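J.: Here you go, this is input.txt (compact mmCIF, C-alpha atoms).
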# COMPACT_ATOMS: atom_id res chain seq x y z
CA MET A 135 0.00 0.00 0.00
CA ALA A 136 1.05 3.50 -0.58
CA ASN A 137 2.89 5.01 2.27
CA ASN A 138 4.08 8.42 1.23
CA LYS A 139 5.50 9.18 4.67
CA THR A 140 8.19 6.61 4.11
CA ASN A 141 8.22 7.10 0.33
CA LYS A 142 7.54 3.47 -0.30
CA PRO A 143 6.58 2.61 -3.87
CA LEU A 144 2.85 2.57 -4.56
CA THR A 145 1.13 -0.70 -5.37
CA PRO A 146 0.02 -1.07 -9.02
CA ALA A 147 -3.66 -0.77 -7.99
CA VAL A 148 -3.05 2.46 -6.06
CA LEU A 149 -0.94 3.93 -8.86
CA HIS A 150 -3.63 3.18 -11.45
CA ILE A 151 -6.40 4.61 -9.27
CA LEU A 152 -4.41 7.81 -8.66
CA LEU A 153 -3.77 8.10 -12.39
CA ALA A 154 -7.47 7.60 -13.12
CA LEU A 155 -8.39 10.31 -10.62
CA SER A 156 -5.65 12.76 -11.63
CA GLU A 157 -7.76 14.07 -14.49
CA LYS A 158 -11.15 14.37 -12.77
CA GLU A 159 -13.27 12.93 -9.96
CA ARG A 160 -14.92 9.59 -10.71
CA HIS A 161 -17.20 7.00 -9.15
CA GLY A 162 -16.18 3.36 -8.63
CA TYR A 163 -17.26 2.06 -12.03
CA GLY A 164 -15.75 5.16 -13.70
CA ILE A 165 -12.40 4.48 -12.03
CA MET A 166 -12.53 0.85 -13.12
CA LYS A 167 -13.18 1.79 -16.74
CA GLN A 168 -10.47 4.47 -16.75
CA VAL A 169 -7.91 2.04 -15.31
CA GLU A 170 -8.86 -0.46 -18.00
CA ALA A 171 -8.46 2.23 -20.70
CA ASP A 172 -5.16 3.59 -19.27
CA SER A 173 -3.65 0.13 -19.14
CA ARG A 174 -5.04 -0.75 -22.57
CA GLY A 175 -7.09 -3.56 -21.04
CA LYS A 176 -4.14 -5.12 -19.23
CA VAL A 177 -5.31 -4.21 -15.73
CA ASN A 178 -8.74 -5.59 -14.97
CA MET A 179 -9.57 -4.51 -11.45
CA GLY A 180 -12.58 -6.12 -9.73
CA PRO A 181 -14.84 -4.43 -7.16
CA GLY A 182 -13.08 -6.23 -4.27
CA THR A 183 -9.63 -4.89 -5.17
CA LEU A 184 -10.96 -1.47 -6.16
CA TYR A 185 -12.94 -0.71 -3.01
CA GLY A 186 -10.33 -2.27 -0.71
CA SER A 187 -7.74 0.05 -2.25
CA LEU A 188 -10.10 3.05 -2.10
CA GLY A 189 -10.61 2.43 1.62
CA ARG A 190 -6.89 2.34 2.33
CA MET A 191 -6.23 5.36 0.11
CA ILE A 192 -8.86 7.41 1.93
CA GLU A 193 -7.26 6.41 5.23
CA ALA A 194 -3.83 7.43 3.91
CA GLY A 195 -5.25 10.78 2.75
CA LEU A 196 -4.44 10.16 -0.92
CA ILE A 197 -8.05 10.52 -2.08
CA SER A 198 -11.29 11.75 -0.56
CA GLU A 199 -14.97 11.06 -0.99
CA ASN A 200 -17.21 13.67 -2.53
CA ASP A 201 -20.94 13.98 -2.07
CA LYS A 202 -23.26 11.59 -3.87
CA LYS A 203 -24.49 12.73 -7.26
CA ILE A 204 -25.99 11.35 -10.44
CA ASP A 205 -23.65 10.46 -13.30
CA PRO A 206 -24.85 12.57 -16.28
CA ASP A 207 -23.79 9.76 -18.65
CA ARG A 208 -25.83 7.15 -16.76
CA ASP A 209 -29.19 8.55 -15.71
CA ASP A 210 -29.58 6.28 -12.70
CA GLU A 211 -29.02 6.36 -8.95
CA ARG A 212 -26.75 8.72 -7.05
CA ARG A 213 -23.15 7.63 -6.62
CA ILE A 214 -20.24 8.58 -4.42
CA TYR A 215 -17.44 10.26 -6.36
CA TYR A 216 -13.79 10.05 -5.36
CA LYS A 217 -11.19 12.74 -5.96
CA ILE A 218 -7.45 12.94 -5.57
CA THR A 219 -6.11 15.10 -2.71
CA GLY A 220 -3.00 17.28 -2.65
CA LEU A 221 -1.16 14.49 -0.85
CA GLY A 222 -2.33 12.04 -3.51
CA GLN A 223 -1.01 14.30 -6.27
CA LYS A 224 2.35 14.54 -4.51
CA ALA A 225 2.47 10.75 -4.07
CA LEU A 226 1.61 10.25 -7.75
CA ALA A 227 4.26 12.77 -8.86
CA ALA A 228 6.85 11.11 -6.61
CA GLU A 229 5.97 7.69 -7.98
CA LEU A 230 6.17 8.87 -11.60
CA GLU A 231 9.54 10.48 -10.82
CA ARG A 232 10.70 7.17 -9.39
CA TYR A 233 9.60 5.46 -12.60
CA ARG A 234 11.52 8.06 -14.64
CA GLU A 235 14.64 7.40 -12.57
CA VAL A 236 14.23 3.67 -13.05
CA MET A 237 13.80 4.19 -16.79
CA ALA A 238 16.91 6.40 -16.86
CA VAL A 239 18.93 3.66 -15.16
CA ALA A 240 17.48 1.10 -17.57
CA LYS A 241 18.44 3.26 -20.54
CA GLN A 242 21.94 3.78 -19.19
CA THR A 243 22.40 0.05 -18.90
CA ARG A 244 20.67 -0.43 -22.25
CA LEU A 245 17.83 -2.31 -20.60
CA SER A 246 15.00 -0.06 -21.76
CA PRO A 247 12.02 -2.09 -23.05
CA ARG A 248 13.15 -1.75 -26.66
CA GLY A 249 16.72 -2.54 -25.80
CA VAL A 250 16.15 -5.65 -23.67
CA GLY A 251 18.29 -8.42 -25.05
CA CYS A 252 19.97 -6.05 -27.56
CA GLY A 253 22.47 -4.45 -25.21
CA LYS A 254 25.56 -5.62 -27.00
CA MET B 124 -29.20 -17.02 -23.77
CA SER B 125 -32.22 -14.77 -24.45
CA ALA B 126 -32.43 -11.20 -23.14
CA VAL B 127 -35.11 -12.21 -20.61
CA GLU B 128 -33.03 -15.12 -19.33
CA ASN B 129 -30.00 -12.83 -19.13
CA GLU B 130 -32.02 -10.31 -17.12
CA GLN B 131 -33.22 -13.03 -14.74
CA ALA B 132 -29.67 -14.28 -14.31
CA ALA B 133 -28.47 -10.72 -13.62
CA ALA B 134 -31.14 -10.27 -10.94
CA ARG B 135 -30.10 -13.57 -9.34
CA TYR B 136 -26.40 -12.65 -9.40
CA ARG B 137 -27.15 -9.22 -7.91
CA LYS B 138 -28.94 -10.92 -5.00
CA ILE B 139 -26.05 -13.31 -4.41
CA TYR B 140 -23.58 -10.44 -4.63
CA ALA B 141 -25.57 -8.42 -2.07
CA ILE B 142 -25.43 -11.40 0.31
CA LEU B 143 -21.70 -11.77 -0.31
CA LEU B 144 -21.12 -8.10 0.49
CA ARG B 145 -22.58 -8.62 3.97
CA LEU B 146 -19.56 -10.77 4.80
CA TYR B 147 -17.33 -7.69 4.79
CA PRO B 148 -16.60 -6.15 8.21
CA LYS B 149 -19.53 -3.95 9.26
CA PRO B 150 -17.77 -0.56 8.91
CA PHE B 151 -16.44 -1.49 5.46
CA HIS B 152 -19.89 -2.70 4.34
CA ALA B 153 -21.54 0.46 5.64
CA ARG B 154 -19.10 2.64 3.76
CA PHE B 155 -18.60 0.82 0.46
CA GLY B 156 -21.37 -1.79 0.24
CA GLU B 157 -23.73 0.38 -1.79
CA GLY B 158 -20.99 1.54 -4.16
CA MET B 159 -19.79 -2.02 -4.70
CA ALA B 160 -23.32 -3.20 -5.48
CA GLN B 161 -23.72 -0.30 -7.94
CA THR B 162 -20.41 -1.15 -9.60
CA PHE B 163 -21.42 -4.80 -9.87
CA ASN B 164 -24.72 -3.73 -11.48
CA ASP B 165 -22.84 -1.49 -13.90
CA LEU B 166 -20.54 -4.35 -14.88
CA CYS B 167 -23.55 -6.67 -15.37
CA ARG B 168 -25.25 -4.04 -17.52
CA GLU B 169 -22.08 -3.55 -19.57
CA ARG B 170 -21.91 -7.30 -20.27
CA LYS B 171 -25.60 -7.45 -21.17
CA GLU B 172 -25.32 -4.48 -23.53
CA ALA B 173 -22.35 -6.16 -25.20
CA GLY B 174 -24.49 -9.30 -25.64
CA LYS B 175 -22.12 -11.32 -23.47
CA GLY B 176 -23.14 -14.02 -20.99
CA LEU B 177 -22.94 -13.29 -17.29
CA PHE B 178 -21.94 -16.64 -15.81
CA SER B 179 -18.15 -16.41 -16.17
CA PHE B 180 -18.18 -12.73 -15.21
CA ALA B 181 -20.26 -13.45 -12.09
CA LEU B 182 -17.92 -16.27 -11.07
CA TRP B 183 -14.90 -14.00 -11.48
CA ALA B 184 -16.55 -11.14 -9.56
CA PHE B 185 -17.62 -13.46 -6.72
CA ALA B 186 -14.13 -14.97 -6.43
CA GLU B 187 -12.45 -11.57 -6.59
CA THR B 188 -14.82 -10.14 -3.99
CA ALA B 189 -14.41 -13.21 -1.76
CA ALA B 190 -10.65 -12.60 -1.77
CA GLY B 191 -11.37 -8.98 -0.80
CA ILE B 192 -13.66 -10.14 2.01
CA ILE B 193 -10.91 -12.32 3.48
CA ARG B 194 -8.36 -9.51 3.17
CA GLU B 195 -10.60 -6.87 4.76
CA ASN B 196 -11.68 -9.16 7.60
CA LEU B 197 -8.06 -10.01 8.40
CA THR B 198 -7.18 -6.31 8.36
CA PHE B 199 -10.18 -5.54 10.56
CA ILE B 200 -9.26 -8.22 13.09
CA ARG B 201 -5.65 -7.06 13.15
CA GLU B 202 -6.35 -3.34 13.40
CA VAL B 203 -9.57 -3.11 15.37
CA GLY B 204 -10.03 -6.52 16.96
CA MET B 205 -6.69 -6.56 18.75
CA LYS B 206 -7.34 -3.17 20.31
CA LYS B 207 -10.60 -4.44 21.75
CA TRP B 208 -9.21 -7.69 23.18
CA PRO B 209 -8.40 -6.35 26.68
CA ARG B 210 -11.95 -4.94 26.95
CA ARG B 211 -13.43 -8.20 25.69
CA ILE B 212 -11.43 -10.25 28.17
CA ARG B 213 -12.50 -7.96 31.00
CA GLY B 214 -16.11 -8.25 29.83
CA ALA B 215 -15.94 -12.05 29.71
CA VAL B 216 -14.39 -12.24 33.18
CA GLY B 217 -17.02 -9.80 34.48
CA MET B 218 -19.77 -11.92 32.97
CA GLY B 219 -18.21 -15.06 34.48
CA LEU B 220 -18.09 -13.48 37.94
CA THR B 221 -21.71 -12.30 37.67
CA TRP B 222 -22.85 -15.78 36.69
CA ALA B 223 -20.69 -17.31 39.43
CA ALA B 224 -22.43 -15.07 41.98
CA ILE B 225 -25.90 -15.98 40.68
CA TRP B 226 -25.08 -19.70 40.65
CA ALA B 227 -23.45 -19.55 44.08
CA LEU B 228 -26.57 -17.96 45.58
CA LEU B 229 -28.68 -20.65 43.97
CA SER B 230 -26.30 -23.28 45.26
CA VAL B 231 -26.70 -22.00 48.83
CA LEU B 232 -30.47 -21.91 48.37
CA ILE B 233 -30.58 -25.50 47.10
CA GLY B 234 -28.27 -26.62 49.93
CA THR B 235 -30.43 -24.94 52.58
CA ILE B 236 -33.70 -26.31 51.19
CA THR B 237 -32.26 -29.85 50.81
CA GLU B 238 -30.89 -29.82 54.34
CA SER B 239 -34.08 -28.52 55.90
CA LEU B 240 -36.29 -30.98 53.98
CA SER B 241 -34.21 -34.16 54.08
CA GLY B 242 -31.47 -33.46 56.56
CA TYR B 243 -28.89 -34.16 53.84
CA SER B 244 -26.04 -31.69 54.06
CA ILE B 245 -24.22 -30.92 50.82
CA GLU B 246 -21.57 -29.08 52.78
CA LYS B 247 -20.77 -32.07 55.00
CA ASN B 248 -20.84 -34.61 52.20
CA HIS B 249 -19.44 -32.90 49.17
CA LEU B 250 -18.57 -29.30 48.67
CA ASP B 251 -19.11 -25.89 50.07
CA PRO B 252 -22.44 -24.89 48.45
CA LEU B 253 -20.96 -21.48 47.65
CA VAL B 254 -18.31 -23.10 45.48
CA ALA B 255 -20.29 -26.08 44.13
CA LEU B 256 -22.05 -24.10 41.43
CA ALA B 257 -19.92 -20.95 41.44
CA MET B 258 -17.10 -22.54 39.44
CA PRO B 259 -19.27 -23.94 36.65
CA GLY B 260 -21.20 -20.66 36.76
CA PHE B 261 -18.02 -18.73 36.07
CA LEU B 262 -17.12 -21.03 33.18
CA PHE B 263 -20.63 -20.85 31.66
CA GLY B 264 -20.60 -17.05 32.00
CA VAL B 265 -17.28 -16.67 30.21
CA ILE B 266 -18.44 -18.98 27.40
CA PHE B 267 -21.77 -17.14 27.15
CA SER B 268 -19.95 -13.82 26.81
CA THR B 269 -17.74 -15.23 24.04
CA VAL B 270 -20.66 -16.80 22.17
CA LEU B 271 -22.63 -13.57 22.41
CA TRP B 272 -19.77 -11.56 21.01
CA PHE B 273 -19.39 -13.82 17.97
CA ALA B 274 -23.13 -14.22 17.40
CA GLU B 275 -24.10 -10.58 17.81
CA GLY B 276 -21.14 -9.04 16.02
CA GLY B 277 -19.90 -6.97 18.94
CA ARG B 278 -23.25 -5.27 19.72
CA ARG B 279 -23.44 -3.82 23.22
CA PHE B 280 -24.89 -6.18 25.80
CA ASP B 281 -27.47 -3.61 26.94
CA GLU B 282 -28.67 -3.06 23.36
CA LEU B 283 -29.87 -6.66 23.00
CA PRO B 284 -33.53 -7.47 23.72
CA LEU B 285 -34.00 -9.61 26.83
CA PRO B 286 -35.73 -12.56 25.04
CA ARG B 287 -32.73 -12.75 22.71
CA VAL B 288 -30.30 -12.68 25.64
CA ALA B 289 -32.35 -15.40 27.34
CA ALA B 290 -32.33 -17.49 24.16
CA TRP B 291 -28.54 -17.25 23.83
CA GLY B 292 -28.17 -18.09 27.52
CA GLY B 293 -30.42 -21.11 27.01
CA VAL B 294 -28.43 -22.25 23.97
CA VAL B 295 -25.15 -22.04 25.90
CA GLY B 296 -26.69 -23.89 28.87
CA LEU B 297 -28.14 -26.57 26.60
CA LEU B 298 -24.86 -27.21 24.78
CA LEU B 299 -22.68 -27.14 27.87
CA GLY B 300 -25.19 -29.23 29.82
CA ALA B 301 -25.10 -31.82 27.03
CA LEU B 302 -21.31 -31.72 27.18
CA VAL B 303 -21.29 -32.16 30.97
CA PHE B 304 -23.65 -35.11 30.58
CA ALA B 305 -21.58 -36.65 27.80
CA LEU B 306 -18.40 -36.38 29.89
CA GLY B 307 -19.98 -37.68 33.11
CA THR B 308 -20.81 -41.23 34.18
CA PRO B 309 -24.53 -42.11 33.95
CA ILE B 310 -26.16 -42.80 37.30
CA ALA B 311 -27.51 -46.34 36.99
CA ARG B 312 -30.18 -45.80 39.66
CA PHE B 313 -32.17 -43.41 37.47
CA PRO B 314 -33.45 -43.76 33.90
CA LEU B 315 -31.20 -42.11 31.33
CA TRP B 316 -33.85 -39.70 30.05
CA LEU B 317 -34.42 -38.41 33.57
CA VAL B 318 -30.73 -37.78 34.15
CA VAL B 319 -30.44 -35.99 30.80
CA ALA B 320 -33.55 -33.94 31.50
CA ILE B 321 -32.33 -32.94 34.96
CA ILE B 322 -28.77 -32.02 33.94
CA VAL B 323 -29.45 -30.43 30.55
CA GLY B 324 -32.77 -28.93 31.66
CA SER B 325 -31.24 -27.29 34.74
CA THR B 326 -28.21 -25.91 32.92
CA THR B 327 -30.44 -24.55 30.12
CA LEU B 328 -32.88 -22.91 32.52
CA LEU B 329 -30.18 -21.65 34.85
CA SER B 330 -28.16 -20.18 31.98
CA ALA B 331 -31.18 -18.45 30.48
CA VAL B 332 -32.06 -16.96 33.88
CA SER B 333 -28.44 -15.94 34.52
CA ALA B 334 -28.23 -14.32 31.08
CA VAL B 335 -31.33 -12.21 31.76
CA GLY B 336 -30.15 -11.46 35.29
CA SER B 337 -26.73 -10.28 34.14
CA ALA B 338 -28.32 -8.21 31.32
CA LEU B 339 -30.62 -6.47 33.81
CA LEU B 340 -27.70 -5.87 36.15
CA PHE B 341 -25.61 -4.49 33.27
CA ARG B 342 -28.43 -2.17 32.17
CA ARG B 343 -28.87 -0.90 35.71
CA THR B 344 -25.14 -0.30 36.14
CA SER B 345 -24.74 1.47 32.78
CA ALA B 346 -27.81 3.64 33.48
CA LYS B 347 -26.32 4.59 36.85
CA TYR B 348 -22.95 5.53 35.36
CA SER B 349 -24.36 7.36 32.37
CA LYS B 350 -26.28 9.80 34.62
Kindly present the structure from the file in structure tokens form.

T.:
Amino acid sequence: MANNKTNKPLTPAVLHILLALSEKERHGYGIMKQVEADSRGKVNMGPGTLYGSLGRMIEAGLISENDKKIDPDRDDERRIYYKITGLGQKALAAELERYREVMAVAKQTRLSPRGVGCGK
Amino acid sequence: MSAVENEQAAARYRKIYAILLRLYPKPFHARFGEGMAQTFNDLCRERKEAGKGLFSFALWAFAETAAGIIRENLTFIREVGMKKWPRRIRGAVGMGLTWAAIWALLSVLIGTITESLSGYSIEKNHLDPLVALAMPGFLFGVIFSTVLWFAEGGRRFDELPLPRVAAWGGVVGLLLGALVFALGTPIARFPLWLVVAIIVGSTTLLSAVSAVGSALLFRRTSAKYSK
């Protein structure tokens, strides 16, 4: 789980949820669909993983709950929307920076995705 | 599968999913249960609109949610449950002592009545009447407190209706009485059914009465301290 106080890396689920919420607030199903789109269908998060992560992220102060409202795209019942907090944005930025550093190291050692196995 | 059949299957899966969600810890269910049910409905609708069957999706969602239920319950026990253990232990010991007191009084009463009617003294022949039933009373009380905690999901003792408390007390008495009987040696002088009825019947009745008595005592004490 994300623990920005100790700058531990975020779990893939938390990273994807933060990415999905970085653009705008979303409800549970909206987050799920955005994660699926962002990962080009590679990450298929179920309700159990999603809401478990949301609970821990709220506790850690990375996201917060907004009031219930109706999704204009789905004229049905009211839903709780989740939004990223300032702390969540910082954690996301720190994680992306960490990824950039890792990529830089990989490039230096010619281990970037394109270069894997072609380092000689 | 036709659209009608698909709709019926979706309704059935939604019901099962709602039942499954109740297995989450109470605070988690209260906070996310509705959202999870909505998300499950949305996913069902998405599959239906795409003309896909629901069976494999439902299986996947149930399995994935079941894993979440285990994870959240373990977290709940670790984070919340452990903090409450000292209070629970104190509560169980308190309940045991209350039951021990009730049973000890009854023991003295039985001893006095038996001695005055038949001249048979329990004290001279066996045990101090104060201790004879006090020890099993303590044990029954502690077990009752534990059973109540598991069965009622941590609800406060004074919030439970008295008939319910009596019923749980009776259940504990019945089971423990049956256990006492099973572990003991049958008295050949009396028919088996009579021995069973006396042992199990008395423990059931005594436990139900003790449960109600301790609940009334608890209510009185909490009312006094909340003033």

J.: So that all listed atoms of stretch 131-147 of chain B fit with 4 Å spare on each side, what axis-aligned box centre and edge lengths in Å, to one decimal, would you give as AutoDock Vina command-line options?

T.:
--center_x -25.3 --center_y -11.0 --center_z -5.0 --size_x 23.9 --size_y 14.6 --size_z 27.5

J.: Fewer than 5 positions away in the same chain doesn't count, so skip those; otherwise give me all residues within 12 Å of A:Glu211, counting only C-alpha atoms, as a list of chain:residue names.

T.: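 With the cut-off at 12 Å, the set is A:His161, A:Lys202, A:Lys203, A:Ile204, A:Asp205, A:Pro206, B:Glu157, B:Gly158, B:Ala160, B:Gln161, B:Thr162, B:Asn164, B:Asp165.
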
J.: Go through chain A residue by residue and, counting only C-alpha atoms, keep those with an atom at most 7 Å from chain B; for each kept residue give the shortest atom pair and its distance in Å to one decimal, ordered by chain and increasing number, as a Markdown table.

T.:
| residue | atom | partner | partner_atom | distance |
| --- | --- | --- | --- | --- |
| A:Gly162 | CA | B:Thr162 | CA | 6.3 |
| A:Tyr163 | CA | B:Thr162 | CA | 5.1 |
| A:Gly180 | CA | B:Glu187 | CA | 6.3 |
| A:Pro181 | CA | B:Met159 | CA | 6.0 |
| A:Gly182 | CA | B:Thr188 | CA | 4.3 |
| A:Thr183 | CA | B:Gly191 | CA | 6.2 |
| A:Tyr185 | CA | B:Phe155 | CA | 6.8 |
| A:Gly186 | CA | B:Gly191 | CA | 6.8 |
| A:Arg213 | CA | B:Gly158 | CA | 6.9 |

J.: Go through B:Tyr136, B:Trp222, B:Phe280, B:Phe199 one by one, measure the shortest atom-to-atom distance of each to B:Phe261 using all atoms listed in the file, and give the residue with the smallest value.

T.: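 Between B:Tyr136, B:Trp222, B:Phe280, B:Phe199, the residue approaching B:Phe261 most closely is B:Trp222.
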
J.: To one decimal place in Å, what is the distance between atom CA of B:Glu169 and atom CA of A:Ile192?

T.: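 Separation of atom CA of B:Glu169 and atom CA of A:Ile192: 27.5 Å.
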
J.: Kindly give the distance, in Å, that separates atom CA of B:Gly264 and atom CA of B:Thr235, rounded to a single decimal.

T.: 24.1 Å

J.: May I ask which of the residues A:Val177, A:Leu155, A:Ala225, A:Ile214 is the closest one to A:Asp201, counting all atoms listed in the file?

T.: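 Looking only at the distances to A:Asp201, the closest residue turns out to be A:Ile214.
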
J.: Take atom CA of B:Leu297 and atom CA of B:Val323 and report the distance between them in Å, one decimal.

T.: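 Answer for the atom CA of B:Leu297 to atom CA of B:Val323 separation: 5.7 Å.
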
J.: What lies within 9 Å of A:Glu159 using all atoms listed in the file, ignoring chain neighbours under 4 positions off, as JSON, numbers by chain?

T.: {"A": [154, 155, 164, 165, 200, 215, 216, 217, 218]}

J.: Since fewer atoms than expected are present, regenerate N, CA and C atoms for stretch 128-157 of chain B and write them as a compact mmCIF listing (two decimals), in the coordinates of the input.

T.:
# COMPACT_ATOMS: atom_id res chain seq x y z
N GLU B 128 -33.80 -14.19 -20.18
CA GLU B 128 -33.03 -15.12 -19.33
C GLU B 128 -31.81 -14.41 -18.73
N ASN B 129 -31.18 -13.58 -19.57
CA ASN B 129 -30.00 -12.83 -19.13
C ASN B 129 -30.37 -11.87 -18.00
N GLU B 130 -31.55 -11.25 -18.13
CA GLU B 130 -32.02 -10.31 -17.12
C GLU B 130 -32.31 -11.04 -15.81
N GLN B 131 -32.92 -12.22 -15.94
CA GLN B 131 -33.22 -13.03 -14.74
C GLN B 131 -31.93 -13.46 -14.05
N ALA B 132 -30.96 -13.86 -14.87
CA ALA B 132 -29.67 -14.28 -14.31
C ALA B 132 -29.00 -13.11 -13.60
N ALA B 133 -29.09 -11.92 -14.22
CA ALA B 133 -28.47 -10.72 -13.62
C ALA B 133 -29.09 -10.42 -12.26
N ALA B 134 -30.44 -10.54 -12.20
CA ALA B 134 -31.14 -10.27 -10.94
C ALA B 134 -30.69 -11.28 -9.87
N ARG B 135 -30.53 -12.53 -10.28
CA ARG B 135 -30.10 -13.57 -9.34
C ARG B 135 -28.67 -13.29 -8.84
N TYR B 136 -27.80 -12.93 -9.77
CA TYR B 136 -26.40 -12.65 -9.40
C TYR B 136 -26.30 -11.43 -8.48
N ARG B 137 -27.17 -10.43 -8.76
CA ARG B 137 -27.15 -9.22 -7.91
C ARG B 137 -27.52 -9.59 -6.47
N LYS B 138 -28.52 -10.48 -6.34
CA LYS B 138 -28.94 -10.92 -5.00
C LYS B 138 -27.80 -11.64 -4.28
N ILE B 139 -27.16 -12.55 -5.02
CA ILE B 139 -26.05 -13.31 -4.41
C ILE B 139 -24.93 -12.35 -4.02
N TYR B 140 -24.67 -11.38 -4.90
CA TYR B 140 -23.58 -10.44 -4.63
C TYR B 140 -23.89 -9.60 -3.38
N ALA B 141 -25.17 -9.21 -3.25
CA ALA B 141 -25.57 -8.42 -2.07
C ALA B 141 -25.35 -9.24 -0.79
N ILE B 142 -25.64 -10.53 -0.87
CA ILE B 142 -25.43 -11.40 0.31
C ILE B 142 -23.93 -11.50 0.61
N LEU B 143 -23.16 -11.66 -0.45
CA LEU B 143 -21.70 -11.77 -0.31
C LEU B 143 -21.11 -10.52 0.36
N LEU B 144 -21.64 -9.37 -0.04
CA LEU B 144 -21.12 -8.10 0.49
C LEU B 144 -21.31 -7.99 2.01
N ARG B 145 -22.33 -8.68 2.52
CA ARG B 145 -22.58 -8.62 3.97
C ARG B 145 -21.48 -9.31 4.76
N LEU B 146 -20.65 -10.08 4.09
CA LEU B 146 -19.56 -10.77 4.80
C LEU B 146 -18.36 -9.85 5.06
N TYR B 147 -18.40 -8.66 4.49
CA TYR B 147 -17.33 -7.69 4.79
C TYR B 147 -17.49 -7.23 6.25
N PRO B 148 -16.43 -6.72 6.87
CA PRO B 148 -16.60 -6.15 8.21
C PRO B 148 -17.66 -5.04 8.16
N LYS B 149 -18.41 -4.90 9.22
CA LYS B 149 -19.53 -3.95 9.26
C LYS B 149 -19.16 -2.53 8.79
N PRO B 150 -18.08 -1.93 9.33
CA PRO B 150 -17.77 -0.56 8.91
C PRO B 150 -17.47 -0.47 7.42
N PHE B 151 -16.78 -1.49 6.89
CA PHE B 151 -16.44 -1.49 5.46
C PHE B 151 -17.73 -1.59 4.65
N HIS B 152 -18.62 -2.49 5.06
CA HIS B 152 -19.89 -2.70 4.34
C HIS B 152 -20.72 -1.42 4.36
N ALA B 153 -20.75 -0.77 5.53
CA ALA B 153 -21.54 0.46 5.64
C ALA B 153 -21.00 1.55 4.71
N ARG B 154 -19.70 1.57 4.54
CA ARG B 154 -19.10 2.64 3.76
C ARG B 154 -19.11 2.35 2.26
N PHE B 155 -18.79 1.12 1.89
CA PHE B 155 -18.60 0.82 0.46
C PHE B 155 -19.61 -0.16 -0.13
N GLY B 156 -20.45 -0.76 0.72
CA GLY B 156 -21.37 -1.79 0.24
C GLY B 156 -22.24 -1.31 -0.91
N GLU B 157 -22.83 -0.14 -0.76
CA GLU B 157 -23.73 0.38 -1.79
C GLU B 157 -22.97 0.64 -3.09
